[in-house]
$ cat final11.cif   # mmCIF, C-alpha atoms
data_my_file
loop_
_atom_site.label_atom_id
_atom_site.label_comp_id
_atom_site.auth_asym_id
_atom_site.auth_seq_id
_atom_site.Cartn_x
_atom_site.Cartn_y
_atom_site.Cartn_z
CA MET A 4 0.00 0.00 0.00
CA SER A 5 2.38 2.63 -1.22
CA ASP A 6 -0.09 5.46 -0.82
CA VAL A 7 -0.22 5.15 2.96
CA THR A 8 2.77 6.42 4.95
CA ALA A 9 4.13 4.15 7.64
CA GLU A 10 4.45 7.01 10.07
CA THR A 11 1.09 8.72 9.93
CA GLY A 12 -1.33 6.37 8.21
CA GLU A 13 -2.44 9.30 6.06
CA HIS A 14 -3.06 8.89 2.37
CA GLN A 15 -0.41 10.62 0.32
CA THR A 16 -2.55 12.05 -2.48
CA HIS A 17 -2.55 15.41 -0.75
CA GLY A 18 -1.04 16.33 2.56
CA TYR A 19 -4.03 18.22 3.89
CA ILE A 20 -6.43 15.29 3.70
CA GLY A 21 -5.61 14.19 7.24
CA GLN A 22 -6.85 17.52 8.57
CA LYS A 23 -9.58 18.09 5.98
CA ASP A 24 -12.41 18.33 8.52
CA ASP A 25 -10.57 20.97 10.50
CA LEU A 26 -9.86 23.01 7.34
CA LEU A 27 -13.47 22.75 6.15
CA LYS A 28 -14.71 23.90 9.55
CA ARG A 29 -12.38 26.94 9.51
CA LEU A 30 -13.47 27.76 5.95
CA ARG A 31 -17.14 27.61 6.86
CA ARG A 32 -16.40 30.05 9.68
CA ALA A 33 -14.46 32.38 7.33
CA GLU A 34 -17.39 32.23 4.86
CA GLY A 35 -19.75 33.18 7.69
CA GLN A 36 -17.49 36.10 8.61
CA VAL A 37 -17.42 37.42 5.02
CA ARG A 38 -21.23 37.05 4.86
CA GLY A 39 -21.32 38.97 8.15
CA VAL A 40 -19.33 41.82 6.58
CA HIS A 41 -21.78 41.85 3.65
CA ARG A 42 -24.74 42.11 6.02
CA MET A 43 -23.03 44.85 8.08
CA VAL A 44 -22.46 46.96 4.94
CA GLU A 45 -26.08 46.37 3.89
CA GLU A 46 -27.32 47.47 7.32
CA ASP A 47 -25.08 50.59 7.38
CA VAL A 48 -23.15 49.49 10.46
CA TYR A 49 -20.39 51.83 11.69
CA CYS A 50 -17.25 51.54 9.45
CA ILE A 51 -14.83 50.76 12.27
CA ASP A 52 -16.96 47.80 13.41
CA ILE A 53 -17.05 46.48 9.84
CA LEU A 54 -13.25 46.87 9.59
CA THR A 55 -12.85 44.77 12.76
CA GLN A 56 -14.91 42.00 11.15
CA VAL A 57 -12.94 42.26 7.86
CA SER A 58 -9.69 41.89 9.85
CA ALA A 59 -11.09 38.79 11.60
CA ALA A 60 -12.04 37.21 8.25
CA THR A 61 -8.61 38.02 6.75
CA LYS A 62 -6.83 36.50 9.77
CA ALA A 63 -9.02 33.37 9.53
CA LEU A 64 -8.05 32.94 5.86
CA GLU A 65 -4.38 33.47 6.72
CA ARG A 66 -4.58 30.69 9.28
CA VAL A 67 -6.14 28.40 6.63
CA ALA A 68 -3.29 29.29 4.25
CA LEU A 69 -0.63 28.58 6.90
CA ALA A 70 -2.24 25.22 7.76
CA LEU A 71 -2.38 24.25 4.05
CA LEU A 72 1.22 25.32 3.54
CA ASP A 73 2.46 23.46 6.62
CA ASP A 74 0.80 20.31 5.40
CA HIS A 75 2.08 20.84 1.87
CA LEU A 76 5.67 21.10 3.19
CA ARG A 77 5.24 18.03 5.42
CA HIS A 78 3.88 15.86 2.62
CA CYS A 79 4.25 16.87 -1.04
CA VAL A 80 7.50 18.83 -0.60
CA SER A 81 9.08 16.33 1.82
CA ASP A 82 8.27 13.40 -0.44
CA ALA A 83 9.69 15.21 -3.47
CA ALA A 84 12.78 16.25 -1.49
CA ALA A 85 13.36 12.63 -0.47
CA GLU A 86 13.32 11.64 -4.14
CA GLY A 87 15.42 14.64 -5.21
CA GLY A 88 16.09 15.70 -8.77
CA ALA A 89 14.08 18.01 -10.99
CA VAL A 90 10.70 17.27 -9.39
CA ALA A 91 12.07 18.23 -5.95
CA ALA A 92 13.51 21.49 -7.33
CA GLU A 93 10.18 22.30 -8.99
CA LYS A 94 8.13 21.59 -5.84
CA LEU A 95 10.45 23.78 -3.79
CA ALA A 96 10.27 26.67 -6.28
CA GLU A 97 6.48 26.33 -6.27
CA ALA A 98 6.30 26.37 -2.45
CA SER A 99 8.57 29.45 -2.26
CA ALA A 100 6.39 31.27 -4.79
CA ALA A 101 3.29 30.44 -2.73
CA ILE A 102 4.98 31.72 0.44
CA ALA A 103 5.97 34.95 -1.34
CA ARG A 104 2.31 35.44 -2.41
CA LEU A 105 1.19 35.01 1.20
CA VAL A 106 3.79 37.46 2.55
CA ARG A 107 3.36 39.78 -0.49
CA MET B 87 -30.98 68.84 3.11
CA SER B 88 -28.13 68.92 5.55
CA ASP B 89 -27.42 65.21 5.21
CA VAL B 90 -26.35 65.49 1.58
CA THR B 91 -22.92 66.96 0.89
CA ALA B 92 -22.70 69.66 -1.73
CA GLU B 93 -19.63 68.13 -3.27
CA THR B 94 -20.55 64.50 -3.75
CA GLY B 95 -24.28 64.15 -3.26
CA GLU B 96 -23.58 61.31 -0.83
CA HIS B 97 -25.55 60.88 2.36
CA GLN B 98 -23.44 61.57 5.42
CA THR B 99 -24.72 58.93 7.87
CA HIS B 100 -21.80 56.70 6.96
CA GLY B 101 -19.13 57.52 4.46
CA TYR B 102 -19.32 54.23 2.62
CA ILE B 103 -23.01 54.52 1.68
CA GLY B 104 -22.22 56.29 -1.58
CA GLN B 105 -20.19 53.30 -2.72
CA LYS B 106 -22.32 50.65 -1.02
CA ASP B 107 -23.19 48.83 -4.25
CA ASP B 108 -19.53 48.57 -5.20
CA LEU B 109 -18.61 47.23 -1.73
CA LEU B 110 -21.47 44.71 -1.75
CA LYS B 111 -20.40 43.48 -5.19
CA ARG B 112 -16.78 43.02 -4.01
CA LEU B 113 -17.98 41.22 -0.89
CA ARG B 114 -20.16 38.83 -2.88
CA ARG B 115 -17.09 38.03 -5.00
CA ALA B 116 -14.94 37.48 -1.88
CA GLU B 117 -17.67 35.21 -0.47
CA GLY B 118 -17.64 33.25 -3.73
CA GLN B 119 -13.85 32.94 -3.51
CA VAL B 120 -13.98 31.58 0.06
CA ARG B 121 -16.72 29.13 -1.00
CA GLY B 122 -14.42 28.17 -3.89
CA VAL B 123 -11.61 27.39 -1.42
CA HIS B 124 -14.04 25.25 0.59
CA ARG B 125 -15.03 23.29 -2.53
CA MET B 126 -11.39 22.87 -3.57
CA VAL B 127 -10.48 21.38 -0.17
CA GLU B 128 -13.52 19.09 -0.36
CA GLU B 129 -12.51 17.92 -3.85
CA ASP B 130 -8.85 17.34 -2.82
CA VAL B 131 -7.47 19.90 -5.28
CA TYR B 132 -3.68 20.39 -5.28
CA CYS B 133 -2.55 22.49 -2.24
CA ILE B 134 -0.72 25.13 -4.25
CA ASP B 135 -3.81 25.85 -6.37
CA ILE B 136 -5.88 26.22 -3.20
CA LEU B 137 -3.28 28.60 -1.75
CA THR B 138 -3.51 30.76 -4.89
CA GLN B 139 -7.28 31.00 -4.35
CA VAL B 140 -6.86 31.79 -0.62
CA SER B 141 -4.43 34.61 -1.54
CA ALA B 142 -6.98 36.00 -4.03
CA ALA B 143 -9.72 35.99 -1.36
CA THR B 144 -7.42 37.64 1.20
CA LYS B 145 -6.43 40.36 -1.28
CA ALA B 146 -10.11 40.96 -2.16
CA LEU B 147 -10.91 41.45 1.54
CA GLU B 148 -7.92 43.79 1.93
CA ARG B 149 -9.23 45.93 -0.92
CA VAL B 150 -12.65 46.08 0.79
CA ALA B 151 -10.93 47.15 4.02
CA LEU B 152 -8.93 49.88 2.25
CA ALA B 153 -12.06 51.18 0.50
CA LEU B 154 -13.97 51.27 3.81
CA LEU B 155 -11.07 53.01 5.54
CA ASP B 156 -10.63 55.59 2.77
CA ASP B 157 -14.30 56.45 2.99
CA HIS B 158 -14.20 56.53 6.77
CA LEU B 159 -11.32 59.04 6.67
CA ARG B 160 -13.07 61.17 4.04
CA HIS B 161 -16.33 61.37 5.93
CA CYS B 162 -16.51 60.44 9.64
CA VAL B 163 -12.94 61.43 10.49
CA SER B 164 -12.92 64.60 8.37
CA ASP B 165 -16.22 65.77 9.84
CA ALA B 166 -14.95 65.13 13.37
CA ALA B 167 -11.63 66.85 12.59
CA ALA B 168 -13.51 69.89 11.31
CA GLU B 169 -15.37 70.09 14.65
CA GLY B 170 -12.23 69.36 16.69
CA GLY B 171 -12.15 68.62 20.40
CA ALA B 172 -12.48 65.29 22.18
CA VAL B 173 -14.67 63.65 19.52
CA ALA B 174 -12.06 64.38 16.83
CA ALA B 175 -9.27 62.95 19.03
CA GLU B 176 -11.35 59.84 19.68
CA LYS B 177 -12.17 59.29 15.99
CA LEU B 178 -8.50 59.66 15.06
CA ALA B 179 -7.36 57.20 17.73
CA GLU B 180 -10.03 54.75 16.52
CA ALA B 181 -8.91 55.10 12.89
CA SER B 182 -5.25 54.59 13.82
CA ALA B 183 -6.14 51.45 15.77
CA ALA B 184 -8.08 50.10 12.76
CA ILE B 185 -5.10 50.83 10.47
CA ALA B 186 -2.74 49.02 12.89
CA ARG B 187 -5.08 45.98 12.86
CA LEU B 188 -4.97 45.96 9.03
CA VAL B 189 -1.16 46.27 8.89
CA ARG B 190 -0.78 43.86 11.87
CA MET C 60 1.93 82.12 17.74
CA SER C 61 -0.14 80.37 15.16
CA ASP C 62 2.29 77.52 14.71
CA VAL C 63 1.80 76.18 18.24
CA THR C 64 -1.44 74.33 19.01
CA ALA C 65 -3.29 75.32 22.16
CA GLU C 66 -3.93 71.71 23.07
CA THR C 67 -0.55 70.07 22.79
CA GLY C 68 2.02 72.80 22.56
CA GLU C 69 3.50 71.01 19.55
CA HIS C 70 4.77 72.90 16.55
CA GLN C 71 2.55 72.35 13.55
CA THR C 72 5.14 72.17 10.76
CA HIS C 73 4.97 68.40 10.86
CA GLY C 74 2.90 66.30 13.18
CA TYR C 75 5.67 63.94 14.18
CA ILE C 76 7.95 66.63 15.58
CA GLY C 77 6.47 66.31 19.05
CA GLN C 78 7.53 62.68 19.18
CA LYS C 79 10.73 63.06 17.16
CA ASP C 80 13.03 61.75 19.89
CA ASP C 81 10.93 58.62 20.30
CA LEU C 82 10.92 58.00 16.52
CA LEU C 83 14.68 58.56 16.24
CA LYS C 84 15.28 56.12 19.09
CA ARG C 85 13.11 53.44 17.44
CA LEU C 86 14.90 54.02 14.11
CA ARG C 87 18.33 53.65 15.68
CA ARG C 88 17.14 50.34 17.15
CA ALA C 89 15.78 49.19 13.76
CA GLU C 90 19.10 50.17 12.14
CA GLY C 91 20.93 48.10 14.76
CA GLN C 92 18.64 45.14 14.03
CA VAL C 93 19.32 45.33 10.28
CA ARG C 94 23.06 45.58 10.98
CA GLY C 95 22.60 42.52 13.24
CA VAL C 96 21.04 40.59 10.34
CA HIS C 97 24.00 41.60 8.16
CA ARG C 98 26.48 40.32 10.77
CA MET C 99 24.50 37.06 11.23
CA VAL C 100 24.61 36.36 7.48
CA GLU C 101 28.34 37.16 7.44
CA GLU C 102 28.96 34.78 10.35
CA ASP C 103 26.87 31.98 8.78
CA VAL C 104 24.35 31.89 11.62
CA TYR C 105 21.49 29.37 11.30
CA CYS C 106 18.84 30.61 8.80
CA ILE C 107 15.90 30.35 11.19
CA ASP C 108 17.64 32.54 13.77
CA ILE C 109 18.36 35.13 11.07
CA LEU C 110 14.70 35.03 9.99
CA THR C 111 13.63 35.74 13.58
CA GLN C 112 15.86 38.83 13.57
CA VAL C 113 14.55 39.95 10.14
CA SER C 114 10.97 39.65 11.47
CA ALA C 115 11.89 41.77 14.50
CA ALA C 116 13.40 44.49 12.26
CA THR C 117 10.35 44.45 9.95
CA LYS C 118 7.97 44.77 12.92
CA ALA C 119 10.05 47.64 14.34
CA LEU C 120 9.78 49.50 11.01
CA GLU C 121 6.02 48.82 10.88
CA ARG C 122 5.63 50.39 14.31
CA VAL C 123 7.59 53.45 13.10
CA ALA C 124 5.28 53.67 10.07
CA LEU C 125 2.14 53.42 12.22
CA ALA C 126 3.43 56.11 14.60
CA LEU C 127 4.23 58.43 11.66
CA LEU C 128 0.83 57.78 10.11
CA ASP C 129 -1.05 58.34 13.36
CA ASP C 130 0.70 61.66 13.81
CA HIS C 131 0.12 62.60 10.19
CA LEU C 132 -3.62 61.98 10.58
CA ARG C 133 -3.75 63.93 13.87
CA HIS C 134 -1.97 66.96 12.44
CA CYS C 135 -1.59 67.46 8.68
CA VAL C 136 -4.79 65.62 7.70
CA SER C 137 -6.90 67.04 10.55
CA ASP C 138 -5.78 70.57 9.81
CA ALA C 139 -6.53 70.13 6.10
CA ALA C 140 -9.92 68.53 6.90
CA ALA C 141 -10.81 71.48 9.11
CA GLU C 142 -10.11 73.83 6.18
CA GLY C 143 -11.87 71.56 3.66
CA GLY C 144 -11.79 71.97 -0.09
CA ALA C 145 -9.31 70.65 -2.62
CA VAL C 146 -6.32 70.57 -0.21
CA ALA C 147 -8.28 68.40 2.24
CA ALA C 148 -9.30 66.01 -0.54
CA GLU C 149 -5.70 65.77 -1.71
CA LYS C 150 -4.32 65.12 1.79
CA LEU C 151 -6.91 62.39 2.34
CA ALA C 152 -6.14 60.69 -0.98
CA GLU C 153 -2.43 60.85 -0.13
CA ALA C 154 -2.99 59.33 3.33
CA SER C 155 -5.13 56.52 1.87
CA ALA C 156 -2.44 55.72 -0.69
CA ALA C 157 0.20 55.58 2.08
CA ILE C 158 -2.03 53.24 4.13
CA ALA C 159 -2.52 50.98 1.08
CA ARG C 160 1.28 50.81 0.63
CA LEU C 161 1.67 49.76 4.26
CA VAL C 162 -1.04 47.08 4.04
CA ARG C 163 0.14 46.11 0.51
CA MET D 266 34.07 16.22 -0.10
CA SER D 267 30.76 15.45 1.42
CA ASP D 268 30.02 19.06 2.30
CA VAL D 269 29.80 20.13 -1.34
CA THR D 270 26.67 19.20 -3.28
CA ALA D 271 27.14 17.61 -6.67
CA GLU D 272 24.46 19.76 -8.22
CA THR D 273 25.35 23.27 -7.16
CA GLY D 274 28.85 23.20 -5.77
CA GLU D 275 27.55 25.03 -2.70
CA HIS D 276 28.72 24.17 0.79
CA GLN D 277 26.03 22.52 2.80
CA THR D 278 26.66 24.10 6.20
CA HIS D 279 23.94 26.64 5.51
CA GLY D 280 21.89 26.91 2.41
CA TYR D 281 22.27 30.65 1.98
CA ILE D 282 26.05 30.61 1.74
CA GLY D 283 25.97 30.26 -2.04
CA GLN D 284 24.10 33.55 -2.31
CA LYS D 285 25.75 35.25 0.64
CA ASP D 286 27.15 38.15 -1.40
CA ASP D 287 23.73 38.91 -2.86
CA LEU D 288 22.13 38.84 0.62
CA LEU D 289 24.84 41.06 2.12
CA LYS D 290 24.39 43.56 -0.72
CA ARG D 291 20.61 43.67 -0.16
CA LEU D 292 21.13 44.09 3.58
CA ARG D 293 23.55 46.98 3.12
CA ARG D 294 20.91 48.64 0.92
CA ALA D 295 18.19 48.03 3.57
CA GLU D 296 20.49 49.47 6.23
CA GLY D 297 21.02 52.54 4.03
CA GLN D 298 17.25 52.88 3.64
CA VAL D 299 16.66 52.75 7.40
CA ARG D 300 19.44 55.30 7.92
CA GLY D 301 17.69 57.39 5.25
CA VAL D 302 14.45 57.28 7.26
CA HIS D 303 16.37 58.38 10.36
CA ARG D 304 17.86 61.36 8.49
CA MET D 305 14.46 62.28 7.01
CA VAL D 306 12.87 62.38 10.49
CA GLU D 307 15.80 64.44 11.78
CA GLU D 308 15.43 66.92 8.90
CA ASP D 309 11.64 67.19 9.38
CA VAL D 310 10.82 65.85 5.89
CA TYR D 311 7.12 65.54 4.99
CA CYS D 312 5.52 62.47 6.72
CA ILE D 313 4.21 60.89 3.53
CA ASP D 314 7.67 60.93 1.92
CA ILE D 315 9.13 59.29 5.03
CA LEU D 316 6.37 56.64 4.91
CA THR D 317 7.29 55.85 1.30
CA GLN D 318 10.88 55.27 2.39
CA VAL D 319 9.79 53.12 5.37
CA SER D 320 7.69 50.97 2.99
CA ALA D 321 10.71 50.55 0.69
CA ALA D 322 12.90 49.42 3.62
CA THR D 323 10.21 46.99 4.85
CA LYS D 324 9.82 45.48 1.37
CA ALA D 325 13.61 45.13 1.05
CA LEU D 326 13.73 43.22 4.35
CA GLU D 327 10.82 41.02 3.23
CA ARG D 328 12.73 40.11 0.08
CA VAL D 329 15.75 39.18 2.22
CA ALA D 330 13.50 37.01 4.40
CA LEU D 331 11.97 35.26 1.37
CA ALA D 332 15.43 34.61 -0.12
CA LEU D 333 16.68 33.16 3.19
CA LEU D 334 13.56 31.01 3.53
CA ASP D 335 13.76 29.74 -0.04
CA ASP D 336 17.35 28.70 0.52
CA HIS D 337 16.53 27.16 3.87
CA LEU D 338 13.83 25.01 2.27
CA ARG D 339 16.12 24.01 -0.61
CA HIS D 340 18.96 22.95 1.67
CA CYS D 341 18.40 22.36 5.40
CA VAL D 342 14.76 21.27 5.10
CA SER D 343 15.29 19.17 1.95
CA ASP D 344 18.28 17.39 3.46
CA ALA D 345 16.36 16.69 6.65
CA ALA D 346 13.32 15.52 4.64
CA ALA D 347 15.52 13.13 2.68
CA GLU D 348 16.70 11.61 5.96
CA GLY D 349 13.21 11.60 7.49
CA GLY D 350 12.41 10.87 11.11
CA ALA D 351 12.27 13.21 14.06
CA VAL D 352 14.85 15.69 12.72
CA ALA D 353 12.83 16.13 9.51
CA ALA D 354 9.63 16.71 11.51
CA GLU D 355 11.40 19.26 13.70
CA LYS D 356 12.90 21.15 10.74
CA LEU D 357 9.49 21.32 9.07
CA ALA D 358 7.77 22.59 12.22
CA GLU D 359 10.52 25.21 12.57
CA ALA D 360 10.14 26.33 8.93
CA SER D 361 6.35 26.60 9.28
CA ALA D 362 6.72 28.70 12.43
CA ALA D 363 9.15 31.03 10.61
CA ILE D 364 6.69 31.35 7.69
CA ALA D 365 3.86 32.17 10.12
CA ARG D 366 6.03 34.92 11.72
CA LEU D 367 6.65 36.41 8.25
CA VAL D 368 2.95 36.34 7.29
CA ARG D 369 1.91 37.37 10.85
#

$ encode --input "final11.cif" --output "structure tokens"
Amino acid sequence: MSDVTAETGEHQTHGYIGQKDDLLKRLRRAEGQVRGVHRMVEEDVYCIDILTQVSAATKALERVALALLDDHLRHCVSDAAAEGGAVAAEKLAEASAAIARLVR
Amino acid sequence: MSDVTAETGEHQTHGYIGQKDDLLKRLRRAEGQVRGVHRMVEEDVYCIDILTQVSAATKALERVALALLDDHLRHCVSDAAAEGGAVAAEKLAEASAAIARLVR
Amino acid sequence: MSDVTAETGEHQTHGYIGQKDDLLKRLRRAEGQVRGVHRMVEEDVYCIDILTQVSAATKALERVALALLDDHLRHCVSDAAAEGGAVAAEKLAEASAAIARLVR
Amino acid sequence: MSDVTAETGEHQTHGYIGQKDDLLKRLRRAEGQVRGVHRMVEEDVYCIDILTQVSAATKALERVALALLDDHLRHCVSDAAAEGGAVAAEKLAEASAAIARLVR
């Protein structure tokens, strides 16, 4: 069963699968927060209170991104690094580009 | 009609009302992007592609925040500054705190 | 003495003058941190420890930026807002652009 | 010569050594930018112009951080991943924590 790691019992297809439920829960919350911002604008809530909610939604998405990235490094990138060669170099360049997009 | 500014024709209650439709449109798009991330995680899409979508949603929310803040400065803060005194000082402190939360 | 505000006793030329010493002290510290990063790279210190120092320097500069911006809003922008007209609009647009650069 | 990689000819001790000169050059520039901010505050330059310079210095430091991180992933983390086990897990956790500090 080459698609199951000895260490973690997780399927290899994608690293984040092991924590999928947690990610989906966070994303549902982030969705609710963005919907909350929409409702606040519709109801003419005070700008500063809307900005607080926008910041909360942005931070929630950042945490999702960091969790995805952590898992990506632990699985896809680690596996590629263990094999080495061109695929490893490509995965690492891809991960660095994704990190740069997050940091901006 | 004291609640309509001569210059812009916008109602004063909250600065962002004049551009409410634009903000609501952006927020619907951001909501769609977050829902897209949720679907991508559910369908086990490749991590890096999900991260690209998360970055797009985060940037969309940042643009909403900057638009809200710009309007807040132009209306609430400017009006308070024109009156001066304790209310002006309070509005300015509140705006600075909101900016710090955005910058982090 | 029209260039001294009744409230704070600060000169109006630029808002940050009242807190100049504090800003200069923070900047000297940030300069020292960047020089520290330079020395760490030269001495082949472990990457992660260098990254911690880079983050500290970046955060120090962000705090300088937020202090400058807060003062700019309290003085230049408030004064312009109190006068109104084209100068006020220009100062506000300029402040919003500076905030957007900080947030990115 | 086990401390020289076949592929790049770089010493393994730390990943960034191969690009040390480039990093040191960037850091000298960042240092100059921070010193520039210091001088601008001293000479009472207009806030917005100082903020532009602070943003430039912050971005320069972010680029240094991304370059260090990219190299760290390519060398230290990849080597550890190839070996696997507890050291690999530790290096990955450490890298993720450093990324989170950069993103904030």

$ residues_around --input "final11.cif" --residues "Gln36 in chain A" --least-positions-apart "2" --cutoff "9 Å" --atoms "all atoms listed in the file" --output "short mmCIF file (atom, residue, chain, number, x, y, z; two decimals) with C-alpha atoms, keeping the file's coordinate frame"
data_model
loop_
_atom_site.label_atom_id
_atom_site.label_comp_id
_atom_site.auth_asym_id
_atom_site.auth_seq_id
_atom_site.Cartn_x
_atom_site.Cartn_y
_atom_site.Cartn_z
CA ARG A 31 -17.14 27.61 6.86
CA ARG A 32 -16.40 30.05 9.68
CA ALA A 33 -14.46 32.38 7.33
CA GLU A 34 -17.39 32.23 4.86
CA ARG A 38 -21.23 37.05 4.86
CA GLY A 39 -21.32 38.97 8.15
CA VAL A 40 -19.33 41.82 6.58
CA HIS A 41 -21.78 41.85 3.65
CA GLN A 56 -14.91 42.00 11.15
CA VAL A 57 -12.94 42.26 7.86
CA ALA A 59 -11.09 38.79 11.60
CA ALA A 60 -12.04 37.21 8.25
CA ALA A 63 -9.02 33.37 9.53
#

$ closest_atom_pairs --input "final11.cif" --of "range 100-187 of chain B" --to "range 135-147 of chain C" --cutoff "6 Å" --atoms "only C-alpha atoms" --output "Markdown table"
| residue | atom | partner | partner_atom | distance |
| --- | --- | --- | --- | --- |
| B:Ser164 | CA | C:Ala140 | CA | 5.2 |
| B:Ala167 | CA | C:Ser137 | CA | 5.2 |
| B:Ala168 | CA | C:Ala141 | CA | 3.8 |

$ write_last_selection --input "final11.cif" --atoms "C-alpha atoms" --output "compact mmCIF listing (two decimals), keeping the file's coordinate frame"
# COMPACT_ATOMS: atom_id res chain seq x y z
CA SER B 164 -12.92 64.60 8.37
CA ALA B 167 -11.63 66.85 12.59
CA ALA B 168 -13.51 69.89 11.31

$ atom_distance --input "final11.cif" --atom1 "CA of Asp103 in chain C" --atom2 "CA of Ala330 in chain D"
14.9 Å

$ calpha_fit_and_write --input "final11.cif" --fixed "chain C" --moving "chain D" --output "compact mmCIF listing (two decimals) with C-alpha atoms, in the coordinates of the input"
# COMPACT_ATOMS: atom_id res chain seq x y z
CA MET D 266 2.30 82.05 17.88
CA SER D 267 0.12 80.45 15.33
CA ASP D 268 2.47 77.53 14.75
CA VAL D 269 1.96 76.15 18.25
CA THR D 270 -1.29 74.33 18.99
CA ALA D 271 -3.17 75.31 22.11
CA GLU D 272 -3.83 71.72 23.03
CA THR D 273 -0.46 70.04 22.77
CA GLY D 274 2.15 72.75 22.54
CA GLU D 275 3.56 70.97 19.49
CA HIS D 276 4.78 72.86 16.45
CA GLN D 277 2.52 72.38 13.51
CA THR D 278 5.09 72.17 10.71
CA HIS D 279 4.94 68.40 10.86
CA GLY D 280 2.86 66.35 13.18
CA TYR D 281 5.61 63.96 14.20
CA ILE D 282 7.92 66.62 15.59
CA GLY D 283 6.45 66.30 19.08
CA GLN D 284 7.50 62.66 19.19
CA LYS D 285 10.66 63.03 17.15
CA ASP D 286 12.97 61.73 19.89
CA ASP D 287 10.88 58.59 20.31
CA LEU D 288 10.88 57.98 16.53
CA LEU D 289 14.64 58.55 16.25
CA LYS D 290 15.24 56.11 19.12
CA ARG D 291 13.08 53.44 17.44
CA LEU D 292 14.87 54.01 14.13
CA ARG D 293 18.31 53.65 15.70
CA ARG D 294 17.12 50.34 17.17
CA ALA D 295 15.77 49.20 13.76
CA GLU D 296 19.08 50.17 12.16
CA GLY D 297 20.90 48.12 14.80
CA GLN D 298 18.62 45.17 14.05
CA VAL D 299 19.31 45.34 10.31
CA ARG D 300 23.04 45.60 11.02
CA GLY D 301 22.58 42.56 13.27
CA VAL D 302 21.06 40.61 10.36
CA HIS D 303 24.02 41.62 8.18
CA ARG D 304 26.49 40.35 10.80
CA MET D 305 24.52 37.11 11.26
CA VAL D 306 24.65 36.38 7.51
CA GLU D 307 28.37 37.19 7.47
CA GLU D 308 28.99 34.82 10.40
CA ASP D 309 26.92 32.02 8.81
CA VAL D 310 24.37 31.91 11.67
CA TYR D 311 21.52 29.39 11.33
CA CYS D 312 18.86 30.63 8.80
CA ILE D 313 15.93 30.38 11.18
CA ASP D 314 17.66 32.58 13.78
CA ILE D 315 18.40 35.16 11.08
CA LEU D 316 14.73 35.04 9.99
CA THR D 317 13.64 35.76 13.56
CA GLN D 318 15.86 38.84 13.57
CA VAL D 319 14.57 39.97 10.14
CA SER D 320 10.98 39.66 11.45
CA ALA D 321 11.89 41.78 14.49
CA ALA D 322 13.40 44.50 12.26
CA THR D 323 10.35 44.46 9.94
CA LYS D 324 7.96 44.77 12.90
CA ALA D 325 10.03 47.65 14.33
CA LEU D 326 9.78 49.50 11.00
CA GLU D 327 6.02 48.83 10.86
CA ARG D 328 5.62 50.39 14.30
CA VAL D 329 7.55 53.45 13.09
CA ALA D 330 5.26 53.66 10.05
CA LEU D 331 2.11 53.40 12.20
CA ALA D 332 3.40 56.09 14.59
CA LEU D 333 4.20 58.43 11.66
CA LEU D 334 0.79 57.76 10.09
CA ASP D 335 -1.08 58.31 13.35
CA ASP D 336 0.65 61.64 13.79
CA HIS D 337 0.07 62.58 10.18
CA LEU D 338 -3.66 61.96 10.56
CA ARG D 339 -3.80 63.89 13.85
CA HIS D 340 -2.03 66.93 12.44
CA CYS D 341 -1.65 67.45 8.68
CA VAL D 342 -4.83 65.60 7.69
CA SER D 343 -6.95 67.01 10.54
CA ASP D 344 -5.83 70.56 9.80
CA ALA D 345 -6.56 70.12 6.11
CA ALA D 346 -9.95 68.52 6.91
CA ALA D 347 -10.84 71.47 9.12
CA GLU D 348 -10.15 73.80 6.19
CA GLY D 349 -11.90 71.55 3.67
CA GLY D 350 -11.81 71.97 -0.08
CA ALA D 351 -9.34 70.64 -2.59
CA VAL D 352 -6.35 70.56 -0.20
CA ALA D 353 -8.32 68.40 2.25
CA ALA D 354 -9.34 66.00 -0.54
CA GLU D 355 -5.73 65.77 -1.72
CA LYS D 356 -4.36 65.12 1.79
CA LEU D 357 -6.93 62.37 2.33
CA ALA D 358 -6.15 60.69 -1.00
CA GLU D 359 -2.44 60.86 -0.13
CA ALA D 360 -3.02 59.33 3.33
CA SER D 361 -5.13 56.51 1.86
CA ALA D 362 -2.44 55.73 -0.71
CA ALA D 363 0.19 55.58 2.07
CA ILE D 364 -2.06 53.23 4.10
CA ALA D 365 -2.53 50.99 1.04
CA ARG D 366 1.29 50.82 0.57
CA LEU D 367 1.66 49.76 4.23
CA VAL D 368 -1.04 47.07 3.98
CA ARG D 369 0.12 46.09 0.44

$ interface_residues --input "final11.cif" --of "chain A" --to "chain C" --cutoff "12 Å" --atoms "all atoms listed in the file" --output "list in words"
Ser58, Arg104, Leu105, Val106 and Arg107 of chain A
